[in-house]
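Containing compact mmCIF, N, CA and C atoms: query_22.txt.
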# COMPACT_ATOMS: atom_id res chain seq x y z
N MET A 1 2.40 13.77 16.44
CA MET A 1 1.94 14.57 15.32
C MET A 1 1.41 13.64 14.23
N PRO A 2 0.18 13.86 13.76
CA PRO A 2 -0.38 12.98 12.73
C PRO A 2 0.36 13.12 11.42
N ALA A 3 0.36 12.02 10.67
CA ALA A 3 0.99 12.03 9.35
C ALA A 3 0.19 12.91 8.40
N VAL A 4 0.87 13.56 7.48
CA VAL A 4 0.22 14.40 6.48
C VAL A 4 0.00 13.57 5.24
N ARG A 5 -1.22 13.54 4.76
CA ARG A 5 -1.52 12.82 3.53
C ARG A 5 -1.22 13.70 2.35
N LYS A 6 -0.52 13.16 1.41
CA LYS A 6 -0.18 13.88 0.18
C LYS A 6 -1.09 13.40 -0.92
N GLN A 7 -1.89 14.29 -1.44
CA GLN A 7 -2.84 13.92 -2.48
C GLN A 7 -2.19 14.04 -3.84
N GLY A 8 -2.23 12.99 -4.60
CA GLY A 8 -1.65 12.99 -5.93
C GLY A 8 -2.56 13.60 -6.98
N VAL A 9 -1.97 14.14 -7.99
CA VAL A 9 -2.70 14.65 -9.15
C VAL A 9 -2.09 13.95 -10.35
N GLY A 10 -2.79 12.97 -10.90
CA GLY A 10 -2.21 12.19 -11.98
C GLY A 10 -0.96 11.49 -11.47
N ASN A 11 0.16 11.75 -12.11
CA ASN A 11 1.41 11.12 -11.71
C ASN A 11 2.26 12.02 -10.83
N ARG A 12 1.72 13.14 -10.40
CA ARG A 12 2.51 14.07 -9.60
C ARG A 12 1.85 14.33 -8.25
N CYS A 13 2.67 14.55 -7.27
CA CYS A 13 2.20 14.88 -5.94
C CYS A 13 2.30 16.38 -5.77
N ARG A 14 1.23 17.01 -5.31
CA ARG A 14 1.21 18.47 -5.19
C ARG A 14 2.28 19.02 -4.25
N ASP A 15 2.50 18.35 -3.13
CA ASP A 15 3.38 18.93 -2.12
C ASP A 15 4.67 18.14 -1.90
N CYS A 16 5.07 17.33 -2.87
CA CYS A 16 6.33 16.59 -2.71
C CYS A 16 7.18 16.65 -3.97
N GLY A 17 6.87 17.54 -4.87
CA GLY A 17 7.67 17.69 -6.07
C GLY A 17 7.48 16.58 -7.09
N GLY A 18 6.48 15.72 -6.88
CA GLY A 18 6.20 14.67 -7.84
C GLY A 18 7.16 13.50 -7.79
N ILE A 19 7.97 13.41 -6.74
CA ILE A 19 8.98 12.37 -6.66
C ILE A 19 8.45 11.24 -5.78
N GLY A 20 8.40 10.04 -6.36
CA GLY A 20 8.00 8.87 -5.57
C GLY A 20 9.21 8.31 -4.85
N VAL A 21 9.07 7.13 -4.30
CA VAL A 21 10.22 6.48 -3.67
C VAL A 21 11.06 5.80 -4.73
N THR A 22 12.32 5.67 -4.47
CA THR A 22 13.25 5.07 -5.43
C THR A 22 13.29 3.55 -5.25
N GLU A 23 13.84 2.86 -6.23
CA GLU A 23 13.94 1.40 -6.13
C GLU A 23 14.74 0.97 -4.89
N PRO A 24 15.89 1.61 -4.59
CA PRO A 24 16.59 1.20 -3.35
C PRO A 24 15.76 1.44 -2.09
N GLU A 25 14.94 2.50 -2.08
CA GLU A 25 14.08 2.75 -0.92
C GLU A 25 12.99 1.68 -0.82
N VAL A 26 12.40 1.32 -1.95
CA VAL A 26 11.39 0.26 -1.96
C VAL A 26 12.01 -1.06 -1.52
N LEU A 27 13.18 -1.35 -2.02
CA LEU A 27 13.86 -2.59 -1.63
C LEU A 27 14.09 -2.64 -0.12
N ALA A 28 14.51 -1.53 0.45
CA ALA A 28 14.72 -1.47 1.91
C ALA A 28 13.40 -1.66 2.65
N LEU A 29 12.33 -1.03 2.17
CA LEU A 29 11.01 -1.16 2.81
C LEU A 29 10.52 -2.60 2.78
N VAL A 30 10.57 -3.22 1.61
CA VAL A 30 10.02 -4.58 1.50
C VAL A 30 10.93 -5.60 2.19
N THR A 31 12.21 -5.35 2.23
CA THR A 31 13.13 -6.25 2.94
C THR A 31 12.82 -6.25 4.43
N SER A 32 12.41 -5.08 4.95
CA SER A 32 12.09 -5.01 6.38
C SER A 32 10.69 -5.58 6.68
N ALA A 33 9.84 -5.67 5.67
CA ALA A 33 8.45 -6.07 5.92
C ALA A 33 8.14 -7.51 5.49
N PHE A 34 8.74 -7.98 4.42
CA PHE A 34 8.36 -9.26 3.82
C PHE A 34 9.40 -10.34 4.12
N PRO A 35 8.96 -11.61 4.13
CA PRO A 35 9.94 -12.70 4.20
C PRO A 35 10.86 -12.64 2.98
N SER A 36 12.09 -13.07 3.15
CA SER A 36 13.10 -12.91 2.09
C SER A 36 12.67 -13.53 0.76
N GLU A 37 11.93 -14.63 0.79
CA GLU A 37 11.53 -15.27 -0.47
C GLU A 37 10.47 -14.47 -1.23
N TRP A 38 9.89 -13.46 -0.60
CA TRP A 38 8.86 -12.64 -1.25
C TRP A 38 9.34 -11.24 -1.61
N VAL A 39 10.59 -10.90 -1.32
CA VAL A 39 11.08 -9.54 -1.55
C VAL A 39 11.02 -9.14 -3.02
N GLY A 40 11.53 -9.97 -3.92
CA GLY A 40 11.50 -9.64 -5.35
C GLY A 40 10.08 -9.47 -5.85
N TRP A 41 9.20 -10.37 -5.40
CA TRP A 41 7.78 -10.29 -5.77
C TRP A 41 7.19 -8.96 -5.28
N ALA A 42 7.48 -8.59 -4.05
CA ALA A 42 6.91 -7.37 -3.46
C ALA A 42 7.40 -6.12 -4.19
N VAL A 43 8.66 -6.09 -4.59
CA VAL A 43 9.18 -4.95 -5.35
C VAL A 43 8.41 -4.83 -6.67
N ARG A 44 8.22 -5.94 -7.36
CA ARG A 44 7.49 -5.92 -8.63
C ARG A 44 6.03 -5.51 -8.45
N VAL A 45 5.38 -6.05 -7.45
CA VAL A 45 3.97 -5.74 -7.22
C VAL A 45 3.79 -4.26 -6.87
N SER A 46 4.64 -3.74 -6.01
CA SER A 46 4.49 -2.32 -5.62
C SER A 46 4.71 -1.40 -6.82
N HIS A 47 5.62 -1.78 -7.71
CA HIS A 47 5.82 -0.96 -8.91
C HIS A 47 4.62 -1.07 -9.84
N CYS A 48 4.10 -2.26 -10.01
CA CYS A 48 2.92 -2.47 -10.86
C CYS A 48 1.71 -1.73 -10.31
N GLU A 49 1.51 -1.76 -9.00
CA GLU A 49 0.33 -1.15 -8.38
C GLU A 49 0.38 0.37 -8.36
N SER A 50 1.54 0.94 -8.06
CA SER A 50 1.59 2.40 -7.82
C SER A 50 2.72 3.12 -8.52
N THR A 51 3.52 2.41 -9.29
CA THR A 51 4.78 2.94 -9.84
C THR A 51 5.57 3.68 -8.76
N TRP A 52 5.55 3.08 -7.56
CA TRP A 52 6.29 3.55 -6.38
C TRP A 52 5.92 4.96 -5.96
N ARG A 53 4.64 5.31 -6.12
CA ARG A 53 4.13 6.60 -5.65
C ARG A 53 3.30 6.36 -4.39
N PRO A 54 3.81 6.74 -3.22
CA PRO A 54 3.09 6.49 -1.97
C PRO A 54 1.73 7.17 -1.90
N TRP A 55 1.53 8.21 -2.66
CA TRP A 55 0.27 8.95 -2.64
C TRP A 55 -0.74 8.42 -3.68
N ALA A 56 -0.40 7.34 -4.37
CA ALA A 56 -1.28 6.81 -5.42
C ALA A 56 -2.64 6.41 -4.84
N VAL A 57 -3.69 6.79 -5.56
CA VAL A 57 -5.06 6.47 -5.18
C VAL A 57 -5.78 5.95 -6.41
N SER A 58 -6.49 4.85 -6.24
CA SER A 58 -7.35 4.33 -7.29
C SER A 58 -8.72 4.13 -6.67
N GLU A 59 -9.70 4.84 -7.19
CA GLU A 59 -11.03 4.68 -6.64
C GLU A 59 -12.06 4.64 -7.77
N GLY A 60 -13.18 4.02 -7.47
CA GLY A 60 -14.21 3.92 -8.48
C GLY A 60 -15.34 3.04 -8.00
N TYR A 61 -16.04 2.47 -8.95
CA TYR A 61 -17.19 1.62 -8.64
C TYR A 61 -17.13 0.37 -9.51
N ASP A 62 -17.34 -0.77 -8.87
CA ASP A 62 -17.36 -2.05 -9.55
C ASP A 62 -18.79 -2.62 -9.45
N ARG A 63 -19.32 -3.14 -10.54
CA ARG A 63 -20.70 -3.67 -10.53
C ARG A 63 -20.89 -4.81 -9.54
N VAL A 64 -19.85 -5.56 -9.30
CA VAL A 64 -19.96 -6.70 -8.38
C VAL A 64 -19.68 -6.28 -6.93
N TYR A 65 -18.59 -5.53 -6.71
CA TYR A 65 -18.14 -5.24 -5.35
C TYR A 65 -18.53 -3.85 -4.85
N GLY A 66 -19.05 -3.01 -5.71
CA GLY A 66 -19.44 -1.66 -5.28
C GLY A 66 -18.27 -0.69 -5.31
N ALA A 67 -18.36 0.34 -4.49
CA ALA A 67 -17.33 1.38 -4.45
C ALA A 67 -16.03 0.82 -3.90
N TYR A 68 -14.92 1.31 -4.42
CA TYR A 68 -13.61 0.90 -3.92
C TYR A 68 -12.68 2.09 -3.87
N ARG A 69 -11.68 1.97 -3.02
CA ARG A 69 -10.62 2.98 -2.90
C ARG A 69 -9.37 2.24 -2.43
N TYR A 70 -8.35 2.24 -3.27
CA TYR A 70 -7.07 1.60 -2.96
C TYR A 70 -6.01 2.68 -2.88
N VAL A 71 -5.13 2.59 -1.87
CA VAL A 71 -4.16 3.66 -1.64
C VAL A 71 -2.76 3.12 -1.39
N GLY A 72 -1.77 3.97 -1.67
CA GLY A 72 -0.39 3.71 -1.31
C GLY A 72 0.37 2.82 -2.27
N LEU A 73 1.57 2.45 -1.85
CA LEU A 73 2.48 1.67 -2.69
C LEU A 73 1.87 0.37 -3.16
N PHE A 74 1.18 -0.33 -2.28
CA PHE A 74 0.61 -1.63 -2.62
C PHE A 74 -0.89 -1.56 -2.91
N GLN A 75 -1.43 -0.34 -3.00
CA GLN A 75 -2.85 -0.14 -3.31
C GLN A 75 -3.74 -0.99 -2.41
N ILE A 76 -3.69 -0.68 -1.13
CA ILE A 76 -4.46 -1.40 -0.12
C ILE A 76 -5.83 -0.77 0.02
N SER A 77 -6.84 -1.61 0.15
CA SER A 77 -8.23 -1.14 0.23
C SER A 77 -8.43 -0.24 1.43
N GLU A 78 -8.94 0.95 1.15
CA GLU A 78 -9.27 1.89 2.22
C GLU A 78 -10.75 2.25 2.15
N GLY A 79 -11.46 1.61 1.23
CA GLY A 79 -12.88 1.91 1.05
C GLY A 79 -13.74 1.31 2.15
N ALA A 80 -15.02 1.57 2.08
CA ALA A 80 -15.95 1.02 3.05
C ALA A 80 -16.50 -0.28 2.49
N PRO A 81 -16.50 -1.38 3.20
CA PRO A 81 -15.88 -1.46 4.52
C PRO A 81 -14.35 -1.56 4.40
N TYR A 82 -13.68 -0.91 5.31
CA TYR A 82 -12.22 -0.91 5.32
C TYR A 82 -11.77 -2.23 5.94
N LEU A 83 -11.53 -3.23 5.10
CA LEU A 83 -11.28 -4.59 5.56
C LEU A 83 -10.00 -4.74 6.38
N TRP A 84 -9.00 -3.92 6.11
CA TRP A 84 -7.70 -4.12 6.72
C TRP A 84 -7.40 -3.11 7.83
N HIS A 85 -8.44 -2.43 8.33
CA HIS A 85 -8.23 -1.41 9.36
C HIS A 85 -7.54 -2.00 10.59
N TRP A 86 -8.01 -3.16 11.03
CA TRP A 86 -7.43 -3.80 12.23
C TRP A 86 -5.95 -4.11 12.03
N LEU A 87 -5.60 -4.56 10.83
CA LEU A 87 -4.21 -4.89 10.54
C LEU A 87 -3.35 -3.62 10.50
N ALA A 88 -3.88 -2.57 9.88
CA ALA A 88 -3.15 -1.30 9.82
C ALA A 88 -2.92 -0.73 11.22
N GLU A 89 -3.90 -0.83 12.08
CA GLU A 89 -3.75 -0.35 13.46
C GLU A 89 -2.68 -1.15 14.20
N ASN A 90 -2.68 -2.47 14.05
CA ASN A 90 -1.66 -3.31 14.69
C ASN A 90 -0.27 -2.99 14.16
N VAL A 91 -0.15 -2.78 12.86
CA VAL A 91 1.14 -2.43 12.26
C VAL A 91 1.61 -1.09 12.80
N ALA A 92 0.74 -0.11 12.86
CA ALA A 92 1.12 1.22 13.37
C ALA A 92 1.65 1.11 14.80
N ARG A 93 0.97 0.33 15.63
CA ARG A 93 1.45 0.15 17.01
C ARG A 93 2.83 -0.51 17.03
N ALA A 94 3.00 -1.56 16.22
CA ALA A 94 4.28 -2.27 16.18
C ALA A 94 5.42 -1.37 15.69
N LEU A 95 5.10 -0.46 14.76
CA LEU A 95 6.11 0.46 14.23
C LEU A 95 6.24 1.72 15.08
N ARG A 96 5.46 1.80 16.15
CA ARG A 96 5.45 2.95 17.06
C ARG A 96 5.05 4.24 16.35
N LYS A 97 4.04 4.13 15.52
CA LYS A 97 3.50 5.30 14.82
C LYS A 97 2.18 5.68 15.47
N GLN A 98 1.89 6.98 15.46
CA GLN A 98 0.69 7.45 16.13
C GLN A 98 -0.58 7.15 15.35
N VAL A 99 -0.47 7.08 14.04
CA VAL A 99 -1.65 6.81 13.22
C VAL A 99 -1.35 5.71 12.21
N ALA A 100 -2.38 5.00 11.83
CA ALA A 100 -2.26 3.97 10.80
C ALA A 100 -2.53 4.62 9.45
N ASP A 101 -1.50 5.19 8.86
CA ASP A 101 -1.64 5.94 7.61
C ASP A 101 -1.14 5.08 6.45
N LEU A 102 -2.07 4.63 5.61
CA LEU A 102 -1.68 3.78 4.49
C LEU A 102 -0.93 4.55 3.40
N PHE A 103 -0.87 5.87 3.50
CA PHE A 103 -0.05 6.65 2.57
C PHE A 103 1.42 6.67 3.01
N ASP A 104 1.68 6.22 4.22
CA ASP A 104 3.05 6.10 4.72
C ASP A 104 3.64 4.82 4.12
N PRO A 105 4.73 4.92 3.34
CA PRO A 105 5.26 3.73 2.66
C PRO A 105 5.62 2.57 3.59
N GLU A 106 6.17 2.88 4.76
CA GLU A 106 6.55 1.82 5.69
C GLU A 106 5.32 1.08 6.21
N THR A 107 4.31 1.83 6.61
CA THR A 107 3.06 1.22 7.08
C THR A 107 2.42 0.41 5.96
N ASN A 108 2.35 0.97 4.77
CA ASN A 108 1.73 0.30 3.64
C ASN A 108 2.43 -1.02 3.34
N ALA A 109 3.76 -1.02 3.36
CA ALA A 109 4.51 -2.25 3.07
C ALA A 109 4.27 -3.32 4.13
N HIS A 110 4.23 -2.93 5.39
CA HIS A 110 4.01 -3.91 6.46
C HIS A 110 2.58 -4.44 6.44
N VAL A 111 1.61 -3.59 6.12
CA VAL A 111 0.23 -4.07 5.98
C VAL A 111 0.14 -5.03 4.80
N ALA A 112 0.79 -4.69 3.70
CA ALA A 112 0.80 -5.58 2.53
C ALA A 112 1.41 -6.94 2.88
N ALA A 113 2.47 -6.94 3.66
CA ALA A 113 3.08 -8.21 4.08
C ALA A 113 2.09 -9.03 4.91
N GLY A 114 1.33 -8.36 5.77
CA GLY A 114 0.31 -9.05 6.55
C GLY A 114 -0.80 -9.62 5.68
N ILE A 115 -1.22 -8.85 4.69
CA ILE A 115 -2.25 -9.33 3.75
C ILE A 115 -1.73 -10.54 2.98
N LEU A 116 -0.47 -10.49 2.57
CA LEU A 116 0.12 -11.63 1.87
C LEU A 116 0.09 -12.88 2.75
N ARG A 117 0.43 -12.73 4.02
CA ARG A 117 0.40 -13.89 4.95
C ARG A 117 -1.01 -14.45 5.10
N ILE A 118 -2.01 -13.57 5.14
CA ILE A 118 -3.39 -13.98 5.38
C ILE A 118 -4.07 -14.50 4.11
N GLN A 119 -3.91 -13.76 3.03
CA GLN A 119 -4.69 -14.02 1.82
C GLN A 119 -3.87 -14.57 0.66
N GLY A 120 -2.55 -14.43 0.74
CA GLY A 120 -1.70 -14.90 -0.35
C GLY A 120 -1.60 -13.89 -1.47
N PRO A 121 -0.82 -14.21 -2.51
CA PRO A 121 -0.60 -13.26 -3.60
C PRO A 121 -1.85 -12.94 -4.41
N GLY A 122 -2.89 -13.75 -4.27
CA GLY A 122 -4.15 -13.49 -4.97
C GLY A 122 -4.83 -12.21 -4.51
N ALA A 123 -4.38 -11.62 -3.40
CA ALA A 123 -4.94 -10.34 -2.95
C ALA A 123 -4.63 -9.24 -3.97
N TRP A 124 -3.64 -9.46 -4.81
CA TRP A 124 -3.30 -8.56 -5.90
C TRP A 124 -3.52 -9.34 -7.20
N PRO A 125 -4.78 -9.44 -7.65
CA PRO A 125 -5.11 -10.37 -8.74
C PRO A 125 -4.42 -10.09 -10.07
N PHE A 126 -4.09 -8.86 -10.36
CA PHE A 126 -3.40 -8.57 -11.61
C PHE A 126 -1.89 -8.52 -11.39
N CYS A 127 -1.45 -7.65 -10.50
CA CYS A 127 -0.01 -7.45 -10.30
C CYS A 127 0.66 -8.59 -9.54
N GLY A 128 -0.09 -9.34 -8.76
CA GLY A 128 0.50 -10.37 -7.93
C GLY A 128 0.74 -11.71 -8.60
N ARG A 129 0.32 -11.84 -9.85
CA ARG A 129 0.48 -13.14 -10.50
C ARG A 129 1.83 -13.31 -11.13
Serialized structure, structure tokens:
Amino acid sequence: MPAVRKQGVGNRCRDCGGIGVTEPEVLALVTSAFPSEWVGWAVRVSHCESTWRPWAVSEGYDRVYGAYRYVGLFQISEGAPYLWHWLAENVARALRKQVADLFDPETNAHVAAGILRIQGPGAWPFCGR
């Protein structure tokens, strides 16, 4: 069964009562996805990026990079071109999920951990510093 995407409206989610994930839930997610030395950093970055709202979406247009769309706890690029599609697909397979849904907090955290390994904390230029 495919994952259901929950579309946010401002700070509230229409079909989830507006409740994001809690700090203990985020801690459990990042502990399972990130190396231990990056767990504290990942908790801070996910809060800075999405205030722990898995349905968070940031989209717009940048004069240098063009259109963008960032989604989920770690605000991972989902715009065209979707740079991390291959990583999300590999993560979904490893987690035994049918779809690579970046709105799924577990998938988002594991993809973020992969991006950190590949690109380093600079992938989150504001929140990752």
Practice problem: Do a neighbour search on segment 29-42 of chain A at 6.5 Å with all atoms listed in the file, toss out local chain neighbours closer than 6 positions, and write the hits as number ranges by chain. | Solution: A: 106, 109-110, 113
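Picture a line from atom N of Ala88 of chain A to atom C of Pro105 of chain A; it runs 12.5 Å.
Our summary of the geometry notes that atom CA of Trp86 of chain A is positioned 16.7 Å from atom CA of Ala123 of chain A.
Note that atom N of Cys127 of chain A and atom C of Val64 of chain A are 18.6 Å apart.
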Quiz prompt | Residues of segment 26-114 of chain A in helix (DSSP H, G or I), written as a PyMOL selection string | solution = chain A and resi 26-33+36-50+85-94+105-114
Exercise. Can you work out which one of A:Trp55, A:Trp124, A:Trp84, A:Tyr68 has the shortest atom-to-atom distance to Asp104 of chain A, counting only N, CA and C atoms?
Key: A:Trp55
Quiz item: Which one of A:Arg69, A:Phe126, A:Ile76, A:Glu59 sits closest to Leu102 of chain A if you count all atoms listed in the file?
Solution: A:Ile76
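If all atoms listed in the file are the atoms counted, then among A:Val45, A:Leu87, A:Leu95, A:Val71 the closest residue to Gly128 of chain A is A:Val45.
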Practice problem: For Arg53 of chain A, please output as a PyMOL selection string all residues within 8 Å (counting all atoms listed in the file; exclusion window: fewer than 2 positions along the same chain). | Solution: chain A and resi 11+18-22+46-47+49-51+55-57+71-74+103+105
